[in-house]
Structure formats: structure tokens, C-alpha cells
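Worksheet: the structure to be examined is printed underneath.
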Amino acid sequence: MIAKSPLLDAKIPDGPIQEKWANHKASIGLVNPANKRKYTIIVVGTGLAGGAAAATMGELGYNVLNFCIQDSPRRAHSVAAQGGINAAKNYQNDGDSVWRLFYDTVKGGDYRAREANVYRLAELSANIIDQSVAAGVPFAREYGGTLANRSFGGAQVSRTFYARGQTGQQLLLGAYSALMRQVDAGRVKLFARREMLDVVLVEGRARGIVCRNLATGEIETYAADAVCIATGGYSTVYFLSTNAVNCNATAAWRCYKKGALFANPCFTQIHPTCLPQAGEGQSKLTLMSESLRNDGRVWVPKKKGDKRPPQEIPEDERDYFLERKYPAFGNLAPRDISSRAAKEACDAGYGVGPTGFSVYLDFAEAIGRLGESVIRERYGNLFAMYHEITDENPFKQPMRIYPAPHYTMGGIWVDYNLMTTIPGLYALGEANFSDHGANRLGASALMQGLADGYFVIPATISDFLAEHRPDGLTTNHDAFTESVKAVQEQVKQLLGVNGSKTVREFHVELGRIMWEKVGMARNEPGLKEAISDIQALRDEYWKNVRVGGVNEDMNKSLEFAGRMADFLDLGELMAQDALERAESCGGHFREEYQTEDGEALREDDKFCHVTAWEYKGEGQAPEAHLEPLEFENVKLTQRSYK
Amino acid sequence: MKVQVKVWRQKNADDPGRFETYPVEGIIPEMSFLEMLDLMNEQLLKRGESPVEFDSDCREGICGTCGLVINGMAHGPKCACTTCELRMRDYQDGETITVEPFRAQGFPVIKDLVVDRSAFDRIISAGGYTSVNTGSAPDANVLLIPKDTAEKAMDAAVCIGCGACVAACPNASASLFVGAKISQFSLLPQGEAERKRRAVRMVEQMDREGFGNCSNHAECEAACPKSISIENIARMRREYMKGALTEA
Ligand SMILES: Cc1cc2nc3c(=O)[nH]c(=O)nc-3n(C[C@H](O)[C@H](O)[C@H](O)COP(=O)(O)OP(=O)(O)OC[C@H]3O[C@@H](n4cnc5c(N)ncnc54)[C@H](O)[C@@H]3O)c2cc1C
Ligand code: FES
């Protein structure tokens, strides 16, 4: 038996799984409509999770303050999602249901997510589509006028809704328009170009935040009755990832340092189909939709270091390694398996392209079978994008792809109400750890962000607020003054080093350590090395970083410097978590724990739990707390994609 | 490869600003334009000079954060492309490249190449939405929308709000941006209820923000990274007329 930490009460409602959410909502404490405007709620983040939450809580009548780093809420990183959003609508009559989406998500997450949360997510998925359509999201449609669906990421039903290759953009603009309506109504106040640098606690409860105004450098404070963090994921700890360059862990990390437990930091997802790195100056990696694997065949030459152009390599000298290793799923094998296989091939010297770190994704067979026009119709814009970026025409030669960090399942620990271990502090969207276990299914992050923002938090927050009446606390309270002092101190320290290496140079180095040792395949000696490498890099950082400029001005180098300091700490925690979790599951692959066929081998007796880390102070080892996971509805089975 | 970057430097909104020229070395043709600017900033920092501030985020053409005037053209000379999608292989070794911020009365400069586009948010908040509270939406398939109509709405909805239309327009008009949003909703049944009020309010807000009038230069369409058609401006005018006649 895994012993449950007293700090981690998930507050899962009683009753059968199908009734938990309904029962819970029926018993939640409510705030009288006339009193709602007396409550101030801070929402940090304007992505699908934060934007939808701020808009909906504004509609309910709360006084909402909404913050983001970009110059407009519409630019949150959710905007970049391409493929689609899942929902158990069963419009295609192909046997989908809430139960099936729930089951697929639990299984896809390799049994490391909480059943009750996942069930609620599946339940709410249908409402998200209704809400988005009502907001004017122009999803793809059939000739008859009904909504179109596709099958995504290997799902056996067609439950994915999409708007060309810009589903995230359209969903975000839907949430953004609802948000701007509340701005118009005066219920939401927007604070763009702000970076949250601390959460302020008064008597153990979250009562506000400290921000840096990114246009002026001013350090600002805001007080509230509750604080919601919806600040996205931390894939940029790897430096190169599919995430936007401003994505960061800072808000979540500062909450961690104030006592919010950080769960499963080592659960990260590496996406198999990204454009390979072209050279040293690269600042991010571009995702190519996974749908390409429906018709593309992945291969490398059978001979190491074969420099011939792909067209000159005959069929029998090619290794279609996914088809060979996973005959049942072939090129559609899950993300983690495909990614790992590609990296293994390249590490062993079979990779192609100028750097040797890419594999072919070949459409020749599909073009021969279906004709160029069908392929153009299916993937025209993706082929054009690839051509544009690489100057290579995928109709004439195979694409080159390589895996890249993409999504982080780990995040701030939350209970069923999305409350962290700090009372009054909530975490939504990719920033929390809740629903995807050790691996997220394609098209499920958008679903989770919007479920959290539109439906969960607006319902659960009143339970807390009903018990905590407004008390007139302002930012004059000492806790704010102290927090501002700490933030200013750090800024001063960063500017004061004036060493010889730029923030970017440190970030590249950290990224390399993370990718090699805390990436797709991990092992004990590697993780131990990673920890000491990161510690050494951190020491160097605080002695030798060059930031430049001053605080009282727009200073992006300073912004990145603060984020970098947090990445150094987070990277170490990720390695430590990966070391502690002596099993393989989902995206976390420990080489010591695999089946004979090289599949992830879970150790359910020892690790069927969430690991949530508690900060113990500068230079102190963090403490691990466990939340055992119970599976009452889905039977634990070993995944097999053979 | 190496280039000279002749770039606009401006301390803040009150500073008159000026051009500075910086050499940038060690560029590879596969680099994106913004990666070249990153490299320039790294080299400036190493020399103890202050880096040139510019905005960017997704670096793949979808968030609308980046936006520079390159050699006199918004998002550079390439069609249907954002600044972050430009590649250095399209520039010559040794070339001098001029880089400026988007210039318009409605987009005051904050610093160097960074401008304030919050006017766009204020225009959207003046009606660029449907008034449907969360939880009150009917089933998504209740209203059937013909595929062609949905596609047309999507053609307008793809706007990334970058502001290149304003920067390219001799009058600094925001008509393409506003027209695209009004069109999206006027084409969809969901937008019907507030159709007139929306058109009137959004157009009036655009005027209040100091953007100029549209006099059909069509430079906006040419600069738009998403190739949004000026048909949307015509539709905006019709919607505004209909609205102004009955709403006033
Ligand atoms: C290229 C790409 C494609 C994807 N495609 C899909 C897909 O097809 N389907 C799918 O389901 N998922 C997809 N995903 C994943 C999905 O897009 C994200 O997980 C999801 O959008 C995250 O939403 P969010 O609201 O949690 O965070 P985000 O959208 O990342 O928003 C974070 C917000 O927090 C703000 N913020 C961050 N830090 C601070 C701070 N310190 N202070 C103030 N504000 C801060 C930001 O400004 C922003 O407003 C994709 C991801 C990527 C990278
Ligand atoms: S940085 Fe997002 S569009 Fe250019």
C-alpha cells in the first residue's frame, strides 16, 4: 500500500463515477448573486484556461483581474494548437460516448491520472463544443451543415472537432471574444504585458500577486479574494520546443516556492513530428501535424551515415523502423513510442539530413496510391509550410522530421476543485497536473483547458468564497511589501552579476542537459549526472550571467533572465522526480524498466501514485508527498502497441 | 553570411527616435529573420550595448505578436507571411536591411520596434463577440451552417490581429481588421442577433482610436499574412450602413 500524504486530500466526491460531478455541484457552497461583485478574483493567463475562466467568472458577476505576458490576451500560446479538440458528442454514431473518452484518456495516460477528474473532463467535453459554436467558432462542417469530425492521434472513433489547421486559434478567439465582452461590461479588467513574479499569502491563504509591468519595469501589486494560475506548460525548460518563446514556468514556480506542491514534474511529452533543428541559432521548433503519419511512412537508411539523397536509396536498403517494430500500429504508433524510436535510430548513427538528427517521413507510396491531388487536398497547407521553412518540396522528396518537447503533463498539484495546496490558490489548464496522467492524448489539451476554464472553476470557486467573505484587505498589507522587496532583490541580483554569458547561452546549455538526460529515455546514472550538471550550471549562472539594461524600462533580457533562474530549479526537480520514479509509464521512459520488446514497464505496486514535491527552502532537498491512485472503473493493464 | 541591420531605435514614446546600423555576422541561410535579430542582440549584449527590443512569441505565424516593417514593407516583401516566417536565405550576403516598427497613430511606439496595439482589443470589446453566457448554448448541431458559409466565415476569422494592414495602409486604416471580424459574425447565424449594433459600435470605436479611413488602396490585403480579402471591408461598409440607418 502506498501511504497517502495528509497534505494531498483530493476531495473526490462520493458516489458512482457518473454522478460525482453532478452531486458535487449540487452540494457546493454558493455566493449570493448580489454579493459576487464584492469578490475580486485574479486570473493569471489568458489562454484557453485563463481566458475562459476570466470570461465566465465575469459573467457570473465576480470582479475579475486578468493578466498576461503578451500585448493582447488573444496571443496566449493556445493560439498555436493546430490539430483539434476532442469531445464525446458521438455525432458520427461510431460508438463514442463519455465512457469511451474517459476510458481512452485514462489508458492513454498510462494509469497515472485520477479517474474522477478524467470522467468529469469527458463529461464536460460536449458542452465545450456547444459553447464554442455559440461564440462563433467556425469549425469545419459537412455539406449538409453539420459539424465535421476526424479521428486523431490513433483514436478508434472520430471525435475530434477542428477548424482547418488552426483549431487553437479559433477556440482561443472564441474565449477571447467572451472575455472582451466582459471587459466591455466592466466586470473584467485586463492587464496585458504583465509578468506575475510572486503570489502573496496572508495567513496562509493566497491574497494577491506581484507583477512586473513589462512595458515600464514597474513592480505592481494586486489584492484579491482568490488567485487562479492558468499560465501554461513548461516545455521551454528544454530551450528548443514547440512552445512559444515566452512560455515559462515562472508563475507556477513562484507558487511552488510559496508552498504549492508541484506534481509529477518529470511527465513530459515529446512530439514525434516536428521539423528538425537546422543550426545553432534556432530559437524554437515547429510542429508538423501528427495527421501526416496517416499517409507518411517513417524510415532511415539501413546503412549508418548513408549520405545518398533519399531517392537514390533503394527500397531494400531502407528501414521502415516503426512498421518493423510495431506491425499492428506501424507509423501510427503512439507519440512516445514513435519519438523514442526516432531518437534511437539517430543516436545509433542512422539519422539523415545535414545534422544527422532527423528521419524521413515519406509520402511517395501514398502519392503513388492516391495521386498527388488527394495528398494535396489532405495536407496541402502543411506541405506548403514545410516547403517554406526548409526549402525542400515534400511532393518530390521525403520530409525530414525529428521529435521535440511539446507538452508537460506535470504541474501544480490540485484537488478535484482545482485548488492547490495553498488555500484560495487554484491552477487551471496545462499549468496543473490533473487529467492526463503520464501521457496526453492528441486533441485533449484544448479540451482540458476549456473544461477547467468554462465549467469547473466557475463552479468550484464559490465553495471557497462562500466560506471566505471579502474583508477589505488591500495591497498595503505587510505581506505585499515583503513580497515586492523579495522580487526587487532578485531583479537587482540578476542585473548586478554583469558576467560574460548571455541568458540564452545558459538556456541552450540547460536545454542540452535536459534533452539528453531528462528527455525521452532516462536512466539512473544519467539522471544523477543531470542533477549535478544543473547544479553546476546554476552556480555559474548566478556568477556569470550578463543581463544588461535596467529594471525601469522594457527589458526582455531581464524577463528571460528571471524565467531562466526558475528553469534551472525546475530542471533539477524534473530530474529528481524522474530518478525517484523507478518505473516507465507514458512519456516517462526509464531504460531500466522495459519489456523485452522495449515497451514501457509500469511498476504499479510501487508507483501507482502521484508524486507531489514540497519546497523546503533554498538549498534544501524538497520533500516528496504521495497521492495513491485508485482505479475502480478502468482495469489496470499493460499497454501494448505490437 | 553577414548583413548590416539598419534598425529604428527609440527609447520611449516621447523620444523622436533614429536609425542605427549594426553588422551581424555568423548567419546561416536556414535562420529565420527573427533568429538573425536574436543573434544581433546577443552580439550587442556581448559588446555591452543594449539589445534592440522587438516582440515575438509563437514564431510560426499564428499569434500575431511579431510585426516589423522590413525594407519598407510590413512583414517584409514576401507575400502571405509574417515576420517570424521570413528566412535569411531570401537575403543577400552583405545586404543592408532596414527594420522599422509598424507606424500608425493608433499604434504608439513603446520602445525600439515594439508598439502598443491595445486599440485592437478595445475595438473587439466594442462588440466583437456574441452575447452568450457560458452554459446557455444550445446543442452545436441545432443550427446547420452550409459548408461554404462556414468556410467563408473562417476565411475572415483567420485574422491574427498583427496590425500589418494598418502599417501598410497609406491612411493607417484598420478597416481590414475590423471588416474581418464583422464579416465573420455577419456570415454566421450565431452573430445575427447583435449584427447591427456590433457593426456600428466597432466602426465607431475604430474611428475613436485614431485610425484613418479606407480609400481603397488595397495595400492591406497585399500585406496581410493570412491573405484576408478586402471584400470584408465592403461587407463591413454594408453592415455599418444597415446598422447606422436603424440603430441611430
Ligand atoms: C504547437 C502546438 C500545437 C498544439 N496542438 C494541440 C492540439 O491540436 N490539440 C490539443 O488539444 N492541444 C494542442 N496543444 C496543446 C495546447 O495548445 C496547450 O496545452 C493549451 O493550449 C494550454 O492552454 P493554457 O490555457 O493552459 O495555457 P496557454 O495558452 O499557454 O496560456 C498561458 C497564459 O498565461 C500567461 N502567462 C504565463 N506566465 C505568466 C506569468 N508569469 N505572468 C502572467 N501571465 C503569464 C500567458 O501570457 C498566457 O496568457 C498544442 C500545443 C502546441 C505547442
Ligand atoms: S511570432 Fe507569432 S506570428 Fe510571428
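Here, A, B, ... name the chains of the C-alpha cells in the order displayed, residue numbers run from 1 inside each chain, and ligands are numbered from 1 in the same displayed order.
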| Which chains and residue numbers are within 7 Å of ligand 1, counting only C-alpha atoms and all ligand atoms, if I want them as a ChimeraX atom specification? | /A:44-50,67-70,73,76-85,167-168,194-197,230-233,242-244,247-251,286-287,406-407,428-431,442-447,449
| Expected answer as an MDAnalysis selection string: chain A residues within 6 Å of chain B, only C-alpha atoms | chainID A and resid 75 130:131 133:136 138 141:143 145:146 177 180:181 184 244:246
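Across the structure, CA of Lys302 (chain A) and CA of Asp319 (chain A) are spaced 5.4 Å apart.
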| said: I'd like to know which residues of region 223-404 of chain A are alpha helix (DSSP H) (by DSSP, run on the backbone); could you write them as a count of residues only? | reply: 52
Which residues come within 10 Å of Gly586 (chain A), counting only C-alpha atoms, excluding same-chain residues fewer than 6 positions away, as a tab-separated table (two decimals) with N, CA, C and O atoms, in the first residue's frame?
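Heads up, here's the output in result_34.tsv:
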```tsv
chain	number	residue	atom	x	y	z
A	107	LYS	N	-6.41	5.28	-20.06
A	107	LYS	CA	-5.48	4.30	-20.61
A	107	LYS	C	-4.31	5.02	-21.30
A	107	LYS	O	-3.15	4.68	-21.09
A	108	GLY	N	-4.65	6.04	-22.08
A	108	GLY	CA	-3.62	6.81	-22.78
A	108	GLY	C	-2.63	7.41	-21.78
A	108	GLY	O	-1.45	7.51	-22.06
A	109	GLY	N	-3.13	7.83	-20.63
A	109	GLY	CA	-2.28	8.42	-19.60
A	109	GLY	C	-1.50	7.37	-18.82
A	109	GLY	O	-0.86	7.69	-17.82
A	110	ASP	N	-1.61	6.13	-19.26
A	110	ASP	CA	-0.90	5.00	-18.66
A	110	ASP	C	-1.19	4.89	-17.16
A	110	ASP	O	-0.31	4.63	-16.35
A	111	TYR	N	-2.45	5.10	-16.80
A	111	TYR	CA	-2.94	4.87	-15.44
A	111	TYR	C	-2.21	5.70	-14.39
A	111	TYR	O	-1.85	5.19	-13.33
A	112	ARG	N	-1.96	6.94	-14.73
A	112	ARG	CA	-1.34	7.80	-13.74
A	112	ARG	C	-2.15	9.08	-13.55
A	112	ARG	O	-1.64	10.09	-13.10
A	267	PHE	N	6.82	14.22	-15.95
A	267	PHE	CA	5.92	13.77	-17.01
A	267	PHE	C	5.86	14.82	-18.13
A	267	PHE	O	5.15	15.81	-18.04
A	268	THR	N	6.63	14.56	-19.16
A	268	THR	CA	6.65	15.50	-20.29
A	268	THR	C	6.36	14.72	-21.56
A	268	THR	O	6.60	13.53	-21.63
A	269	GLN	N	5.85	15.40	-22.56
A	269	GLN	CA	5.55	14.73	-23.81
A	269	GLN	C	6.43	15.26	-24.94
A	269	GLN	O	6.54	16.46	-25.13
A	334	PRO	N	1.88	5.27	-30.88
A	334	PRO	CA	1.72	6.45	-30.03
A	334	PRO	C	2.95	7.36	-30.03
A	334	PRO	O	4.05	6.94	-30.37
A	335	ARG	N	2.69	8.60	-29.60
A	335	ARG	CA	3.71	9.64	-29.65
A	335	ARG	C	5.01	9.25	-28.98
A	335	ARG	O	6.09	9.42	-29.55
A	336	ASP	N	4.93	8.72	-27.76
A	336	ASP	CA	6.16	8.44	-27.03
A	336	ASP	C	6.96	7.34	-27.72
A	336	ASP	O	8.18	7.44	-27.85
A	337	ILE	N	6.26	6.31	-28.20
A	337	ILE	CA	6.95	5.19	-28.84
A	337	ILE	C	7.63	5.65	-30.13
A	337	ILE	O	8.80	5.35	-30.39
A	436	HIS	N	-4.09	14.23	-17.41
A	436	HIS	CA	-3.51	13.43	-18.49
A	436	HIS	C	-2.55	12.36	-18.03
A	436	HIS	O	-1.96	11.66	-18.86
A	437	GLY	N	-2.37	12.22	-16.73
A	437	GLY	CA	-1.50	11.17	-16.23
A	437	GLY	C	-0.09	11.31	-16.76
A	437	GLY	O	0.48	12.41	-16.74
A	438	ALA	N	0.45	10.21	-17.28
A	438	ALA	CA	1.84	10.21	-17.73
A	438	ALA	C	1.97	10.49	-19.22
A	438	ALA	O	3.07	10.50	-19.77
A	439	ASN	N	0.84	10.70	-19.89
A	439	ASN	CA	0.88	10.93	-21.32
A	439	ASN	C	-0.45	11.52	-21.77
A	439	ASN	O	-1.50	11.02	-21.40
A	440	ARG	N	-0.39	12.59	-22.57
A	440	ARG	CA	-1.65	13.21	-23.02
A	440	ARG	C	-2.00	12.75	-24.43
A	440	ARG	O	-1.14	12.67	-25.29
A	599	GLU	N	9.09	-1.98	-24.55
A	599	GLU	CA	7.93	-1.19	-24.16
A	599	GLU	C	8.05	-0.74	-22.71
A	599	GLU	O	8.69	-1.41	-21.90
A	600	ALA	N	7.38	0.37	-22.40
A	600	ALA	CA	7.39	0.88	-21.03
A	600	ALA	C	6.83	-0.16	-20.06
A	600	ALA	O	5.80	-0.76	-20.32
A	601	LEU	N	7.54	-0.36	-18.97
A	601	LEU	CA	7.09	-1.33	-17.97
A	601	LEU	C	6.73	-0.59	-16.68
A	601	LEU	O	7.58	-0.08	-15.98
A	602	ARG	N	5.43	-0.56	-16.40
A	602	ARG	CA	4.99	0.10	-15.19
A	602	ARG	C	5.25	-0.78	-13.98
A	602	ARG	O	5.31	-2.01	-14.08
A	639	ARG	N	0.06	-1.59	-21.45
A	639	ARG	CA	-0.19	-1.12	-22.80
A	639	ARG	C	0.60	-1.97	-23.79
A	639	ARG	O	1.75	-2.34	-23.52
```
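Nearest to ligand 2 of all the residues B:Val69, B:Val166, B:Cys84, B:Cys220 is B:Cys84, counting only C-alpha atoms and all ligand atoms.
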| task | Can you pull out every residue within 6 Å of region 22-33 of chain A, counting only C-alpha atoms, but drop anything in the same chain fewer than 3 positions away, and send it as a VMD selection string? | result | chain A and resid 19 36 462 to 463 466
| Do you know which residues are at most 8 Å from Ala55 (chain A) counting only C-alpha atoms, after dropping those on the same chain fewer than 5 positions away, and could you put them as a PyMOL selection string? | chain A and resi 175-176+178-182+188
| field | Shell of 8 Å around Asp94 (chain A), only C-alpha atoms, local chain residues under 4 positions omitted, as a list in words | value | Asn90, Val157 and Ser158 of chain A
Region 208-313 of chain A near region 410-423 of chain A within 6 Å: what's each residue's closest atom pair and its distance in Å to one decimal, counting only C-alpha atoms, ordered by chain then ascending residue number, as JSON lines?
```
{"residue": "A:Ala260", "atom": "CA", "partner": "A:Thr421", "partner_atom": "CA", "distance": 5.1}
{"residue": "A:Leu261", "atom": "CA", "partner": "A:Trp413", "partner_atom": "CA", "distance": 5.6}
{"residue": "A:Phe262", "atom": "CA", "partner": "A:Ile412", "partner_atom": "CA", "distance": 4.4}
{"residue": "A:Ala263", "atom": "CA", "partner": "A:Trp413", "partner_atom": "CA", "distance": 5.0}
{"residue": "A:Asn264", "atom": "CA", "partner": "A:Gly410", "partner_atom": "CA", "distance": 4.6}
{"residue": "A:Pro265", "atom": "CA", "partner": "A:Gly410", "partner_atom": "CA", "distance": 4.5}
{"residue": "A:Phe267", "atom": "CA", "partner": "A:Gly410", "partner_atom": "CA", "distance": 5.2}
```
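Shortest atom-to-atom contact with ligand 2 among B:Val24, B:Leu113, B:Cys66, B:Cys165: B:Cys66, counting only C-alpha atoms and all ligand atoms.
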| task | Write down as a count of residues only the residues belonging to region 356-558 of chain A that are assigned strand (DSSP E) by DSSP computed on the backbone. | result | 23
| Pick from A:Leu495, A:Val545, A:Leu568, A:Ile401, whichever lies nearest to Ile531 (chain A) using only C-alpha atoms | A:Leu568
| said: Please list as a PyMOL selection string every residue within 6 Å of region 193-199 of chain B, counting only C-alpha atoms and excluding residues in the same chain fewer than 3 positions away. | reply: chain B and resi 127+202+239-240+243
Can I get the selected residues back with all heavy atoms, as a compact mmCIF listing (two decimals), in the first residue's frame?
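Produced file part32.txt, reproduced below:
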```txt
# COMPACT_ATOMS: atom_id res chain seq x y z
N GLY B 127 -17.96 45.04 -29.22
CA GLY B 127 -18.96 44.27 -29.95
C GLY B 127 -18.46 43.08 -30.74
O GLY B 127 -19.27 42.38 -31.36
N MET B 202 -18.35 48.83 -33.44
CA MET B 202 -16.94 48.54 -33.76
C MET B 202 -16.36 49.60 -34.69
O MET B 202 -15.22 50.04 -34.51
CB MET B 202 -16.81 47.14 -34.37
CG MET B 202 -16.99 46.03 -33.34
SD MET B 202 -16.79 44.37 -34.00
CE MET B 202 -15.01 44.30 -34.21
N GLU B 239 -22.71 46.45 -43.69
CA GLU B 239 -23.24 46.17 -42.36
C GLU B 239 -23.37 47.47 -41.55
O GLU B 239 -24.33 47.68 -40.83
CB GLU B 239 -22.34 45.18 -41.60
CG GLU B 239 -22.26 43.80 -42.19
CD GLU B 239 -23.59 43.06 -42.13
OE1 GLU B 239 -24.28 43.17 -41.11
OE2 GLU B 239 -23.94 42.37 -43.12
N TYR B 240 -22.38 48.32 -41.70
CA TYR B 240 -22.40 49.58 -40.95
C TYR B 240 -23.56 50.46 -41.42
O TYR B 240 -24.29 51.02 -40.60
CB TYR B 240 -21.08 50.32 -41.12
CG TYR B 240 -21.08 51.67 -40.44
CD1 TYR B 240 -20.96 51.76 -39.06
CD2 TYR B 240 -21.25 52.85 -41.17
CE1 TYR B 240 -21.00 52.99 -38.41
CE2 TYR B 240 -21.28 54.08 -40.54
CZ TYR B 240 -21.16 54.15 -39.16
OH TYR B 240 -21.20 55.36 -38.53
N GLY B 243 -26.76 49.12 -40.18
CA GLY B 243 -26.84 49.35 -38.75
C GLY B 243 -27.09 50.81 -38.42
O GLY B 243 -27.96 51.14 -37.62
```
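For the pair CA of Glu603 (chain A) and CA of Thr408 (chain A), the separation is 21.5 Å.
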